[in-house]
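K.L.:
What follows is start-v8.csv, CSV, C-alpha atoms.
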```csv
chain,number,residue,atom,x,y,z
A,1080,MET,CA,-13.1,-6.9,15.5
A,1081,PRO,CA,-15.2,-9.3,13.4
A,1082,ASN,CA,-14.1,-12.8,12.6
A,1083,ALA,CA,-12.6,-13.4,9.2
A,1084,LEU,CA,-14.9,-14.8,6.6
A,1085,PRO,CA,-13.9,-17.6,4.2
A,1086,LEU,CA,-13.1,-16.5,0.7
A,1087,ASP,CA,-15.9,-17.3,-1.7
A,1088,ARG,CA,-15.0,-19.9,-4.3
A,1089,ARG,CA,-15.1,-17.6,-7.3
A,1090,ARG,CA,-12.7,-15.1,-5.6
A,1091,LEU,CA,-10.4,-17.9,-4.6
A,1092,MET,CA,-10.3,-19.1,-8.2
A,1093,ALA,CA,-9.6,-15.5,-9.3
A,1094,LEU,CA,-6.7,-15.4,-7.0
A,1095,GLY,CA,-5.2,-18.6,-8.5
A,1096,ALA,CA,-5.8,-17.4,-12.0
A,1097,SER,CA,-4.1,-14.0,-11.5
A,1098,GLY,CA,-1.2,-15.3,-9.5
A,1099,VAL,CA,-1.8,-12.9,-6.7
A,1100,ALA,CA,-0.6,-14.0,-3.3
A,1101,GLY,CA,-2.1,-12.4,-0.2
A,1102,ALA,CA,-4.8,-10.4,-2.0
A,1103,ILE,CA,-6.8,-8.3,0.5
A,1104,LEU,CA,-10.5,-9.1,0.3
A,1105,PRO,CA,-13.5,-8.5,2.5
A,1106,GLY,CA,-13.6,-10.3,5.8
A,1107,CYS,CA,-9.8,-10.4,6.3
A,1108,ALA,CA,-9.8,-8.5,9.6
A,1109,THR,CA,-8.9,-11.1,12.2
A,1110,MET,CA,-5.3,-11.9,13.1
A,1111,GLY,CA,-6.0,-15.1,15.0
A,1112,ALA,CA,-6.7,-15.4,18.7
A,1113,THR,CA,-5.3,-12.0,19.6
A,1114,ALA,CA,-6.9,-9.2,17.5
A,1115,GLN,CA,-4.5,-6.4,16.4
A,1116,ARG,CA,-5.4,-2.8,15.8
A,1117,GLN,CA,-6.2,-2.7,12.1
A,1118,THR,CA,-7.7,-0.4,9.5
A,1119,VAL,CA,-9.0,-1.4,6.0
A,1120,TRP,CA,-9.5,1.0,3.2
A,1121,THR,CA,-11.5,-0.3,0.3
A,1122,PHE,CA,-11.4,1.8,-2.9
A,1123,ASP,CA,-14.9,1.0,-4.1
A,1124,ARG,CA,-15.9,4.7,-4.0
A,1125,LEU,CA,-14.5,8.1,-4.6
A,1126,SER,CA,-15.5,9.6,-1.2
A,1127,ASP,CA,-15.2,8.7,2.5
A,1128,ILE,CA,-12.5,6.0,1.9
A,1129,GLY,CA,-12.5,3.9,5.1
A,1130,GLY,CA,-15.1,6.4,6.5
A,1131,VAL,CA,-12.6,9.2,6.4
A,1132,ALA,CA,-12.9,12.5,4.6
A,1133,THR,CA,-11.5,12.1,1.1
A,1134,SER,CA,-10.7,14.8,-1.5
A,1135,VAL,CA,-10.7,14.0,-5.3
A,1136,GLU,CA,-8.4,15.6,-7.8
A,1137,GLY,CA,-8.4,15.0,-11.6
A,1138,ASP,CA,-10.8,12.4,-12.8
A,1139,PRO,CA,-10.2,9.0,-11.2
A,1140,THR,CA,-12.9,6.5,-12.1
A,1141,LEU,CA,-14.4,3.4,-10.7
A,1142,ILE,CA,-13.8,0.1,-12.5
A,1143,ASP,CA,-14.7,-3.6,-11.9
A,1144,SER,CA,-11.9,-5.9,-10.8
A,1145,PRO,CA,-11.8,-9.6,-9.9
A,1146,TYR,CA,-12.0,-8.5,-6.3
A,1147,GLY,CA,-14.8,-5.8,-6.6
A,1148,ARG,CA,-14.8,-2.2,-7.5
A,1149,ALA,CA,-11.5,-0.4,-7.7
A,1150,VAL,CA,-10.3,3.2,-8.4
A,1151,LEU,CA,-8.5,3.8,-11.7
A,1152,PHE,CA,-5.9,6.5,-12.0
A,1153,ASP,CA,-4.8,8.0,-15.3
A,1154,GLY,CA,-1.1,8.7,-14.5
A,1155,VAL,CA,-1.6,12.4,-15.3
A,1156,ASP,CA,-3.5,14.3,-12.6
A,1157,ASP,CA,-5.7,11.8,-10.8
A,1158,ALA,CA,-5.4,11.5,-7.0
A,1159,LEU,CA,-7.2,11.0,-3.7
A,1160,PHE,CA,-6.2,12.8,-0.5
A,1161,ILE,CA,-7.4,11.1,2.7
A,1162,ASP,CA,-7.4,12.9,6.1
A,1163,ASN,CA,-5.9,10.1,8.1
A,1164,HIS,CA,-2.5,8.3,8.8
A,1165,PRO,CA,-3.7,4.8,9.8
A,1166,LEU,CA,-0.3,3.7,11.0
A,1167,ALA,CA,0.3,6.8,13.3
A,1168,GLY,CA,1.5,5.5,16.7
A,1169,ALA,CA,2.4,2.0,15.5
A,1170,GLU,CA,5.6,0.6,17.0
A,1171,THR,CA,5.4,-2.4,14.6
A,1172,PHE,CA,3.4,-2.5,11.4
A,1173,THR,CA,2.1,-4.2,8.3
A,1174,PHE,CA,1.1,-2.0,5.4
A,1175,GLU,CA,-0.5,-4.0,2.6
A,1176,ALA,CA,-2.2,-3.0,-0.7
A,1177,LEU,CA,-3.8,-4.7,-3.7
A,1178,PHE,CA,-3.1,-2.8,-6.9
A,1179,ARG,CA,-2.7,-3.1,-10.7
A,1180,PRO,CA,0.1,-1.0,-12.3
A,1181,ASP,CA,-0.6,-0.3,-16.0
A,1182,GLY,CA,2.7,1.0,-17.2
A,1183,GLY,CA,3.4,4.7,-17.7
A,1184,THR,CA,6.3,6.8,-16.6
A,1185,PHE,CA,9.3,5.4,-14.8
A,1186,GLU,CA,8.8,6.8,-11.3
A,1187,GLN,CA,5.4,6.6,-9.7
A,1188,ARG,CA,4.5,7.2,-6.1
A,1189,TRP,CA,1.1,5.6,-5.7
A,1190,PHE,CA,0.6,5.5,-1.9
A,1191,HIS,CA,2.0,8.1,0.6
A,1192,LEU,CA,1.3,8.2,4.3
A,1193,ALA,CA,2.6,11.5,5.8
A,1194,GLU,CA,3.0,12.7,9.3
A,1195,GLU,CA,1.9,16.4,9.7
A,1196,ALA,CA,3.8,18.7,12.0
A,1197,PRO,CA,1.9,20.7,14.6
A,1198,ALA,CA,0.9,24.2,13.6
A,1199,GLY,CA,3.8,26.6,13.6
A,1200,GLN,CA,6.4,23.9,13.2
A,1201,PRO,CA,8.5,23.2,10.0
A,1202,PRO,CA,6.9,20.6,7.7
A,1203,SER,CA,7.5,17.0,8.8
A,1204,GLN,CA,9.5,14.7,6.5
A,1205,THR,CA,8.3,11.5,8.4
A,1206,ARG,CA,6.4,9.2,6.0
A,1207,PHE,CA,5.7,5.8,4.5
A,1208,LEU,CA,5.7,5.3,0.8
A,1209,PHE,CA,4.9,2.7,-1.9
A,1210,GLU,CA,6.3,3.6,-5.3
A,1211,ILE,CA,7.0,1.6,-8.4
A,1212,ARG,CA,9.6,1.9,-11.2
A,1213,VAL,CA,8.3,1.0,-14.7
A,1214,VAL,CA,10.6,-0.6,-17.2
A,1215,GLN,CA,8.8,-1.1,-20.5
A,1216,ASP,CA,6.0,-3.5,-19.6
A,1217,ARG,CA,7.3,-4.5,-16.2
A,1218,TRP,CA,7.7,-2.9,-12.8
A,1219,TYR,CA,9.6,-3.2,-9.5
A,1220,LEU,CA,8.7,-2.1,-6.0
A,1221,ASP,CA,10.1,0.8,-4.0
A,1222,ALA,CA,9.1,0.6,-0.3
A,1223,PHE,CA,10.3,3.4,1.9
A,1224,THR,CA,10.0,4.8,5.4
A,1225,ARG,CA,11.6,7.9,7.0
A,1226,GLY,CA,11.5,9.5,10.4
A,1227,PRO,CA,13.7,10.8,13.2
A,1228,GLY,CA,16.8,8.7,13.1
A,1229,TYR,CA,15.8,6.4,10.2
A,1230,ASN,CA,15.6,6.7,6.5
A,1231,HIS,CA,15.5,3.5,4.4
A,1232,THR,CA,14.5,2.4,1.0
A,1233,LEU,CA,13.8,-1.3,0.0
A,1234,ILE,CA,14.2,-1.4,-3.8
A,1235,PHE,CA,15.4,-4.3,-6.0
A,1236,PRO,CA,15.5,-3.5,-9.7
A,1237,GLU,CA,16.2,-7.1,-10.6
A,1238,ARG,CA,12.8,-8.3,-9.2
A,1239,LEU,CA,10.5,-7.4,-12.1
A,1240,TYR,CA,6.8,-8.0,-12.4
A,1241,PRO,CA,4.3,-7.7,-15.3
A,1242,CYS,CA,2.2,-4.6,-15.7
A,1243,GLY,CA,-1.5,-5.0,-16.4
A,1244,GLN,CA,-2.0,-7.6,-13.6
A,1245,TRP,CA,-3.2,-7.4,-10.0
A,1246,HIS,CA,-0.5,-7.7,-7.4
A,1247,HIS,CA,-0.3,-7.7,-3.6
A,1248,VAL,CA,2.5,-5.7,-1.9
A,1249,ALA,CA,3.4,-5.3,1.7
A,1250,GLN,CA,6.0,-3.6,3.9
A,1251,THR,CA,6.4,-4.7,7.5
A,1252,PHE,CA,8.5,-3.9,10.6
A,1253,ASP,CA,8.8,-6.3,13.5
A,1254,GLY,CA,10.8,-4.2,15.9
A,1255,VAL,CA,14.1,-4.8,14.2
A,1256,MET,CA,13.8,-5.7,10.6
A,1257,TYR,CA,12.0,-3.7,7.8
A,1258,ARG,CA,10.8,-5.9,5.0
A,1259,ALA,CA,9.1,-5.6,1.6
A,1260,TYR,CA,7.0,-8.2,-0.2
A,1261,VAL,CA,5.4,-8.6,-3.6
A,1262,ASP,CA,2.7,-11.3,-4.0
A,1263,GLY,CA,3.9,-12.8,-0.6
A,1264,VAL,CA,7.5,-13.1,-1.8
A,1265,LEU,CA,10.2,-11.3,0.3
A,1266,GLN,CA,12.0,-8.7,-1.8
A,1267,GLY,CA,14.5,-7.8,0.8
A,1268,GLU,CA,15.0,-6.6,4.4
A,1269,HIS,CA,17.1,-4.3,6.5
A,1270,ALA,CA,17.4,-3.4,10.2
A,1271,VAL,CA,15.9,0.0,10.8
A,1272,PRO,CA,15.8,2.0,14.1
A,1273,PHE,CA,12.1,2.8,13.5
A,1274,LYS,CA,10.1,5.1,15.7
A,1275,PRO,CA,6.3,5.6,15.6
A,1276,GLN,CA,5.0,8.3,13.3
A,1277,GLY,CA,2.5,11.0,14.3
A,1278,PRO,CA,-0.9,11.7,13.0
A,1279,GLY,CA,-1.2,13.0,9.4
A,1280,ARG,CA,-2.9,12.2,6.1
A,1281,ALA,CA,-2.5,10.1,3.0
A,1282,SER,CA,-2.3,10.6,-0.8
A,1283,VAL,CA,-3.2,7.8,-3.2
A,1284,GLY,CA,-2.3,8.1,-6.9
A,1285,CYS,CA,0.5,10.6,-6.5
A,1286,ARG,CA,3.1,12.1,-4.1
A,1287,MET,CA,1.7,14.4,-1.5
A,1288,ASN,CA,3.0,17.4,-3.3
A,1289,ARG,CA,1.3,16.3,-6.5
A,1290,VAL,CA,4.1,14.8,-8.6
A,1291,ASN,CA,5.0,11.3,-9.7
A,1292,TYR,CA,1.4,10.3,-10.7
A,1293,PHE,CA,0.3,6.7,-10.8
A,1294,LYS,CA,-1.1,4.9,-13.9
A,1295,GLY,CA,-3.2,1.9,-12.8
A,1296,ALA,CA,-5.8,0.9,-10.2
A,1297,VAL,CA,-6.0,0.4,-6.5
A,1298,ARG,CA,-8.5,-2.0,-4.9
A,1299,GLN,CA,-7.7,-2.1,-1.2
A,1300,ALA,CA,-5.2,-1.3,1.5
A,1301,ARG,CA,-4.9,-2.8,5.0
A,1302,PHE,CA,-2.9,-1.3,7.9
A,1303,THR,CA,-2.1,-3.4,11.0
A,1304,HIS,CA,-0.3,-2.3,14.1
A,1305,ALA,CA,1.7,-5.5,14.2
A,1306,ALA,CA,4.2,-7.3,11.9
A,1307,LEU,CA,2.5,-10.1,10.1
A,1308,PRO,CA,4.2,-13.0,8.3
A,1309,PRO,CA,3.3,-13.5,4.7
A,1310,GLU,CA,0.9,-16.4,5.5
A,1311,ARG,CA,-1.2,-13.9,7.5
A,1312,PHE,CA,-1.4,-11.3,4.9
A,1313,THR,CA,-4.8,-12.8,4.0
A,1314,ARG,CA,-7.1,-15.6,5.1
A,1315,ARG,CA,-7.0,-18.3,2.4
```
Re-express the file's structure as C-alpha coordinates.
P.N.:
Amino acid sequence: MPNALPLDRRRLMALGASGVAGAILPGCATMGATAQRQTVWTFDRLSDIGGVATSVEGDPTLIDSPYGRAVLFDGVDDALFIDNHPLAGAETFTFEALFRPDGGTFEQRWFHLAEEAPAGQPPSQTRFLFEIRVVQDRWYLDAFTRGPGYNHTLIFPERLYPCGQWHHVAQTFDGVMYRAYVDGVLQGEHAVPFKPQGPGRASVGCRMNRVNYFKGAVRQARFTHAALPPERFTRR
(Lines of atoms letter the chains of each structure in order from A and count residues from 1; the text may use other names and numbers.)
(Lines give C-alpha, C1' and ligand atoms only; values in the text may rest on other atoms or scores of the structure.)
Protein backbone atom coordinates (compact mmCIF):
# COMPACT_ATOMS: atom_id res chain seq x y z
CA MET A 1 0.00 0.00 0.00
CA PRO A 2 1.53 3.38 -0.97
CA ASN A 3 2.65 5.90 1.57
CA ALA A 4 0.28 8.79 2.27
CA LEU A 5 1.09 11.99 0.49
CA PRO A 6 0.85 15.39 2.22
CA LEU A 7 -2.22 17.44 1.42
CA ASP A 8 -1.46 20.16 -1.03
CA ARG A 9 -1.77 23.65 0.44
CA ARG A 10 -4.84 24.70 -1.49
CA ARG A 11 -6.78 21.62 -0.39
CA LEU A 12 -5.74 22.13 3.20
CA MET A 13 -7.03 25.71 2.98
CA ALA A 14 -10.26 24.41 1.46
CA LEU A 15 -10.68 22.04 4.38
CA GLY A 16 -10.30 24.88 6.83
CA ALA A 17 -12.69 27.11 4.93
CA SER A 18 -15.39 24.46 4.70
CA GLY A 19 -15.16 23.26 8.28
CA VAL A 20 -14.79 19.64 7.18
CA ALA A 21 -12.79 17.45 9.53
CA GLY A 22 -11.31 14.24 8.17
CA ALA A 23 -12.04 14.85 4.50
CA ILE A 24 -10.87 11.95 2.34
CA LEU A 25 -8.40 13.05 -0.28
CA PRO A 26 -5.94 11.36 -2.63
CA GLY A 27 -2.94 9.83 -0.91
CA CYS A 28 -4.71 8.91 2.34
CA ALA A 29 -4.05 5.19 2.09
CA THR A 30 -1.48 4.51 4.81
CA MET A 31 -2.45 3.72 8.39
CA GLY A 32 0.98 4.20 9.98
CA ALA A 33 3.62 1.55 10.42
CA THR A 34 1.20 -1.34 9.96
CA ALA A 35 -0.85 -1.05 6.78
CA GLN A 36 -4.48 -2.17 7.03
CA ARG A 37 -6.57 -3.65 4.27
CA GLN A 38 -8.25 -0.66 2.68
CA THR A 39 -10.35 0.27 -0.34
CA VAL A 40 -10.91 3.80 -1.67
CA TRP A 41 -13.71 4.69 -4.06
CA THR A 42 -13.38 8.10 -5.71
CA PHE A 43 -16.52 9.38 -7.40
CA ASP A 44 -14.81 11.28 -10.19
CA ARG A 45 -16.48 9.20 -12.90
CA LEU A 46 -19.72 7.38 -13.64
CA SER A 47 -18.21 3.99 -14.46
CA ASP A 48 -15.81 1.55 -12.84
CA ILE A 49 -15.85 3.20 -9.42
CA GLY A 50 -12.80 1.86 -7.60
CA GLY A 51 -12.13 -0.31 -10.64
CA VAL A 52 -15.37 -2.22 -10.02
CA ALA A 53 -18.25 -2.74 -12.45
CA THR A 54 -20.72 0.14 -11.92
CA SER A 55 -24.24 0.57 -13.28
CA VAL A 56 -25.84 4.00 -13.66
CA GLU A 57 -29.55 4.74 -13.29
CA GLY A 58 -31.27 8.09 -13.79
CA ASP A 59 -28.98 10.92 -14.78
CA PRO A 60 -26.30 11.58 -12.13
CA THR A 61 -23.75 14.13 -13.28
CA LEU A 62 -20.15 15.05 -12.55
CA ILE A 63 -19.45 18.35 -10.82
CA ASP A 64 -16.39 20.15 -9.47
CA SER A 65 -15.84 20.28 -5.72
CA PRO A 66 -13.09 21.69 -3.49
CA TYR A 67 -11.64 18.16 -3.46
CA GLY A 68 -11.93 17.23 -7.14
CA ARG A 69 -14.71 15.82 -9.28
CA ALA A 70 -17.79 14.45 -7.53
CA VAL A 71 -21.07 12.80 -8.53
CA LEU A 72 -24.26 14.83 -8.12
CA PHE A 73 -27.57 13.04 -7.45
CA ASP A 74 -30.94 14.73 -8.07
CA GLY A 75 -32.96 13.11 -5.26
CA VAL A 76 -35.47 11.69 -7.74
CA ASP A 77 -34.06 8.68 -9.60
CA ASP A 78 -30.26 9.02 -9.77
CA ALA A 79 -28.19 6.11 -8.47
CA LEU A 80 -25.04 4.07 -8.90
CA PHE A 81 -24.90 0.30 -8.28
CA ILE A 82 -21.43 -1.13 -7.66
CA ASP A 83 -20.69 -4.85 -7.76
CA ASN A 84 -18.65 -5.05 -4.57
CA HIS A 85 -19.03 -5.02 -0.77
CA PRO A 86 -15.64 -3.63 0.32
CA LEU A 87 -16.16 -4.45 4.01
CA ALA A 88 -17.05 -8.11 3.42
CA GLY A 89 -15.10 -10.27 5.86
CA ALA A 90 -14.06 -7.37 8.11
CA GLU A 91 -14.12 -8.18 11.84
CA THR A 92 -13.49 -4.52 12.71
CA PHE A 93 -14.00 -1.62 10.32
CA THR A 94 -14.04 2.05 9.44
CA PHE A 95 -16.50 3.23 6.77
CA GLU A 96 -15.90 6.87 5.78
CA ALA A 97 -17.36 9.17 3.15
CA LEU A 98 -17.11 12.77 2.00
CA PHE A 99 -20.46 14.09 0.78
CA ARG A 100 -22.61 17.21 0.40
CA PRO A 101 -26.31 16.91 1.28
CA ASP A 102 -28.42 19.48 -0.57
CA GLY A 103 -31.75 19.28 1.24
CA GLY A 104 -34.70 17.43 -0.26
CA THR A 105 -37.01 14.88 1.32
CA PHE A 106 -36.81 13.90 4.99
CA GLU A 107 -35.43 10.35 4.67
CA GLN A 108 -32.56 9.67 2.27
CA ARG A 109 -30.43 6.52 2.07
CA TRP A 110 -27.32 7.57 0.19
CA PHE A 111 -24.88 4.69 0.79
CA HIS A 112 -25.88 1.04 1.13
CA LEU A 113 -23.52 -1.95 1.41
CA ALA A 114 -25.46 -5.21 1.18
CA GLU A 115 -24.49 -8.83 1.64
CA GLU A 116 -25.94 -11.08 -1.07
CA ALA A 117 -27.22 -14.53 -0.17
CA PRO A 118 -25.98 -17.56 -2.11
CA ALA A 119 -28.13 -18.66 -5.02
CA GLY A 120 -31.27 -20.45 -3.87
CA GLN A 121 -31.20 -18.91 -0.39
CA PRO A 122 -33.65 -16.25 0.96
CA PRO A 123 -32.46 -12.66 0.47
CA SER A 124 -29.94 -11.51 3.08
CA GLN A 125 -30.86 -8.61 5.37
CA THR A 126 -27.22 -8.09 6.40
CA ARG A 127 -26.00 -4.59 5.52
CA PHE A 128 -24.31 -1.28 6.36
CA LEU A 129 -26.10 2.01 5.73
CA PHE A 130 -25.50 5.71 5.71
CA GLU A 131 -28.72 7.72 5.69
CA ILE A 132 -29.64 11.31 6.49
CA ARG A 133 -32.75 12.97 7.81
CA VAL A 134 -33.39 16.46 6.43
CA VAL A 135 -35.09 19.10 8.57
CA GLN A 136 -35.60 22.30 6.55
CA ASP A 137 -32.05 23.40 5.67
CA ARG A 138 -30.27 21.06 8.08
CA TRP A 139 -29.66 17.33 8.40
CA TYR A 140 -28.64 14.68 10.89
CA LEU A 141 -26.89 11.36 10.37
CA ASP A 142 -28.34 7.85 10.54
CA ALA A 143 -25.64 5.14 10.61
CA PHE A 144 -26.85 1.55 10.72
CA THR A 145 -25.59 -2.01 10.58
CA ARG A 146 -27.47 -5.29 10.67
CA GLY A 147 -26.53 -8.96 10.54
CA PRO A 148 -27.02 -12.26 12.38
CA GLY A 149 -27.48 -11.37 16.05
CA TYR A 150 -27.07 -7.61 15.66
CA ASN A 151 -29.25 -4.76 14.45
CA HIS A 152 -28.40 -1.24 15.57
CA THR A 153 -28.98 2.35 14.49
CA LEU A 154 -26.87 5.33 15.59
CA ILE A 155 -29.12 8.36 15.06
CA PHE A 156 -29.15 11.62 17.01
CA PRO A 157 -31.78 14.17 15.83
CA GLU A 158 -30.40 16.89 18.11
CA ARG A 159 -27.07 16.90 16.21
CA LEU A 160 -27.96 18.99 13.17
CA TYR A 161 -25.63 20.14 10.39
CA PRO A 162 -26.11 22.61 7.50
CA CYS A 163 -27.12 21.45 4.04
CA GLY A 164 -25.20 22.69 1.01
CA GLN A 165 -21.79 22.12 2.63
CA TRP A 166 -19.27 19.29 2.41
CA HIS A 167 -19.10 16.97 5.40
CA HIS A 168 -17.10 13.92 6.40
CA VAL A 169 -18.96 11.03 8.06
CA ALA A 170 -17.71 7.77 9.51
CA GLN A 171 -18.91 4.67 11.27
CA THR A 172 -16.48 2.35 13.07
CA PHE A 173 -16.43 -0.88 15.05
CA ASP A 174 -13.47 -1.81 17.26
CA GLY A 175 -14.56 -5.28 18.33
CA VAL A 176 -16.94 -4.00 21.01
CA MET A 177 -18.25 -0.50 20.31
CA TYR A 178 -20.06 0.73 17.21
CA ARG A 179 -19.55 4.48 16.72
CA ALA A 180 -20.69 7.24 14.34
CA TYR A 181 -18.95 10.54 13.55
CA VAL A 182 -19.67 13.73 11.62
CA ASP A 183 -16.71 15.95 10.74
CA GLY A 184 -14.59 13.96 13.19
CA VAL A 185 -17.00 14.57 16.09
CA LEU A 186 -18.45 11.53 17.86
CA GLN A 187 -22.23 11.42 17.50
CA GLY A 188 -22.76 8.39 19.73
CA GLU A 189 -21.76 4.78 20.36
CA HIS A 190 -23.23 1.46 21.42
CA ALA A 191 -21.90 -2.04 22.09
CA VAL A 192 -22.83 -4.37 19.21
CA PRO A 193 -22.18 -8.14 18.82
CA PHE A 194 -21.02 -7.56 15.24
CA LYS A 195 -20.13 -10.45 12.94
CA PRO A 196 -18.37 -10.09 9.59
CA GLN A 197 -20.60 -9.68 6.55
CA GLY A 198 -20.38 -11.72 3.37
CA PRO A 199 -19.69 -10.61 -0.21
CA GLY A 200 -22.27 -8.43 -1.93
CA ARG A 201 -22.73 -5.10 -3.65
CA ALA A 202 -23.36 -1.41 -3.01
CA SER A 203 -25.81 1.28 -4.01
CA VAL A 204 -24.98 4.98 -3.86
CA GLY A 205 -27.71 7.60 -4.17
CA CYS A 206 -30.58 5.40 -3.02
CA ARG A 207 -31.60 2.29 -1.11
CA MET A 208 -30.80 -0.99 -2.83
CA ASN A 209 -34.48 -1.46 -3.73
CA ARG A 210 -34.59 1.98 -5.37
CA VAL A 211 -36.36 4.14 -2.79
CA ASN A 212 -35.25 6.99 -0.45
CA TYR A 213 -33.21 8.78 -3.13
CA PHE A 214 -30.43 11.19 -2.16
CA LYS A 215 -30.23 14.85 -3.17
CA GLY A 216 -26.61 16.01 -3.08
CA ALA A 217 -23.10 14.99 -4.08
CA VAL A 218 -20.61 12.28 -3.11
CA ARG A 219 -16.87 12.73 -3.60
CA GLN A 220 -15.18 9.74 -2.01
CA ALA A 221 -15.54 6.76 0.32
CA ARG A 222 -12.89 4.81 2.18
CA PHE A 223 -13.29 1.35 3.71
CA THR A 224 -10.73 0.02 6.20
CA HIS A 225 -10.66 -3.40 7.86
CA ALA A 226 -9.73 -1.82 11.19
CA ALA A 227 -11.27 0.67 13.61
CA LEU A 228 -9.55 4.02 13.18
CA PRO A 229 -9.70 6.86 15.70
CA PRO A 230 -10.82 10.25 14.32
CA GLU A 231 -7.26 11.58 14.09
CA ARG A 232 -6.55 8.83 11.55
CA PHE A 233 -9.55 9.44 9.34
CA THR A 234 -7.24 11.51 7.15
CA ARG A 235 -3.61 12.60 6.91
CA ARG A 236 -3.40 16.30 7.82
K.L.:
Restricting the calculation to all atoms listed in the file: of A:Ala1305, A:Ile1234, A:Ala1249, A:Val1150, which residue gets closest to Gly1267 (chain A)?
P.N.:
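Of the candidates, the smallest distance to Gly1267 (chain A) is held by A:Ile1234.
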K.L.:
Could you tell me which of A:Ala1296, A:Ala1196, A:Ala1306, A:Ala1132 comes closest to Asp1181 (chain A) if we count only C-alpha atoms?
P.N.:
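Distance minimum relative to Asp1181 (chain A) lands on A:Ala1296.
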K.L.:
With the cut-off set at 10 Å and counting only C-alpha atoms, tabulate each residue of region 1170-1276 of chain A with an atom at most that distance from an atom of region 1116-1119 of chain A, showing the nearest atom pair and its distance in Å to one decimal, ordered by chain and increasing number, as a tab-separated table.
P.N.:
```
residue	atom	partner	partner_atom	distance
A:Phe1172	CA	A:Gln1117	CA	9.6
A:Thr1173	CA	A:Gln1117	CA	9.3
A:Phe1174	CA	A:Thr1118	CA	9.8
A:Glu1175	CA	A:Val1119	CA	9.5
A:Ala1176	CA	A:Val1119	CA	9.7
```
K.L.:
Any idea what the distance is between CA of Thr1171 (chain A) and CA of Gly1284 (chain A)?
P.N.:
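Going from CA of Thr1171 (chain A) over to CA of Gly1284 (chain A), I get 25.1 Å.
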K.L.:
So, counting all atoms listed in the file, which residue among A:Gln1200, A:Thr1205, A:Asn1288, A:Ser1144 is closest to Gln1244 (chain A)?
P.N.:
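Of A:Gln1200, A:Thr1205, A:Asn1288, A:Ser1144, the one nearest Gln1244 (chain A) is A:Ser1144, counting all atoms listed in the file.
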K.L.:
In Å, rounded to a single decimal, give me how far CA of Tyr1229 (chain A) is from CA of Phe1273 (chain A).
P.N.:
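CA of Tyr1229 (chain A) lies 6.1 Å from CA of Phe1273 (chain A).
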K.L.:
Rounded to one decimal in Å, what is the spacing between CA of Ala1281 (chain A) and CA of Val1213 (chain A)?
P.N.:
22.6 Å
K.L.:
Name the residues in contact with Leu1239 (chain A) at a cut-off of 12 Å, using all atoms listed in the file, excluding same-chain residues fewer than 2 positions from it; report them as a PyMOL selection string.
P.N.:
chain A and resi 1211-1221+1234-1237+1241-1242+1246+1261-1262+1266
K.L.:
Which residue gives the smallest distance to Trp1245 (chain A) among A:Val1271, A:Val1297, A:Ala1222, A:Cys1285, with all atoms listed in the file counted?
P.N.:
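For Trp1245 (chain A), the nearest of the given residues is A:Val1297.
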K.L.:
Using all atoms listed in the file, collect all residues at a distance of at most 7 Å from (5.8, 5.0, -6.1) as written in the file, then present them as a list in words.
P.N.:
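Residues satisfying the cut-off, written out: Glu1186, Gln1187, Arg1188, Trp1189, Phe1190, Leu1208, Phe1209, Glu1210, Ile1211 and Asp1221 of chain A.
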K.L.:
Restricting the calculation to only C-alpha atoms: of A:Val1264, A:Leu1141, A:Val1255, A:Leu1192, which residue gets closest to Phe1207 (chain A)?
P.N.:
A:Leu1192
K.L.:
Of the candidates A:Ala1198, A:Val1283, A:Ala1169, A:Leu1265, which shows the shortest atom-to-atom distance to Val1135 (chain A), using all atoms listed in the file?
P.N.:
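Looking at the shortest contact to Val1135 (chain A), the residue is A:Val1283.
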K.L.:
At a cut-off of 6 Å from (-10.2, -5.2, -7.1) in the coordinates of the file, what residues are picked up using all atoms listed in the file, written as a PyMOL selection string?
P.N.:
chain A and resi 1144-1149+1298
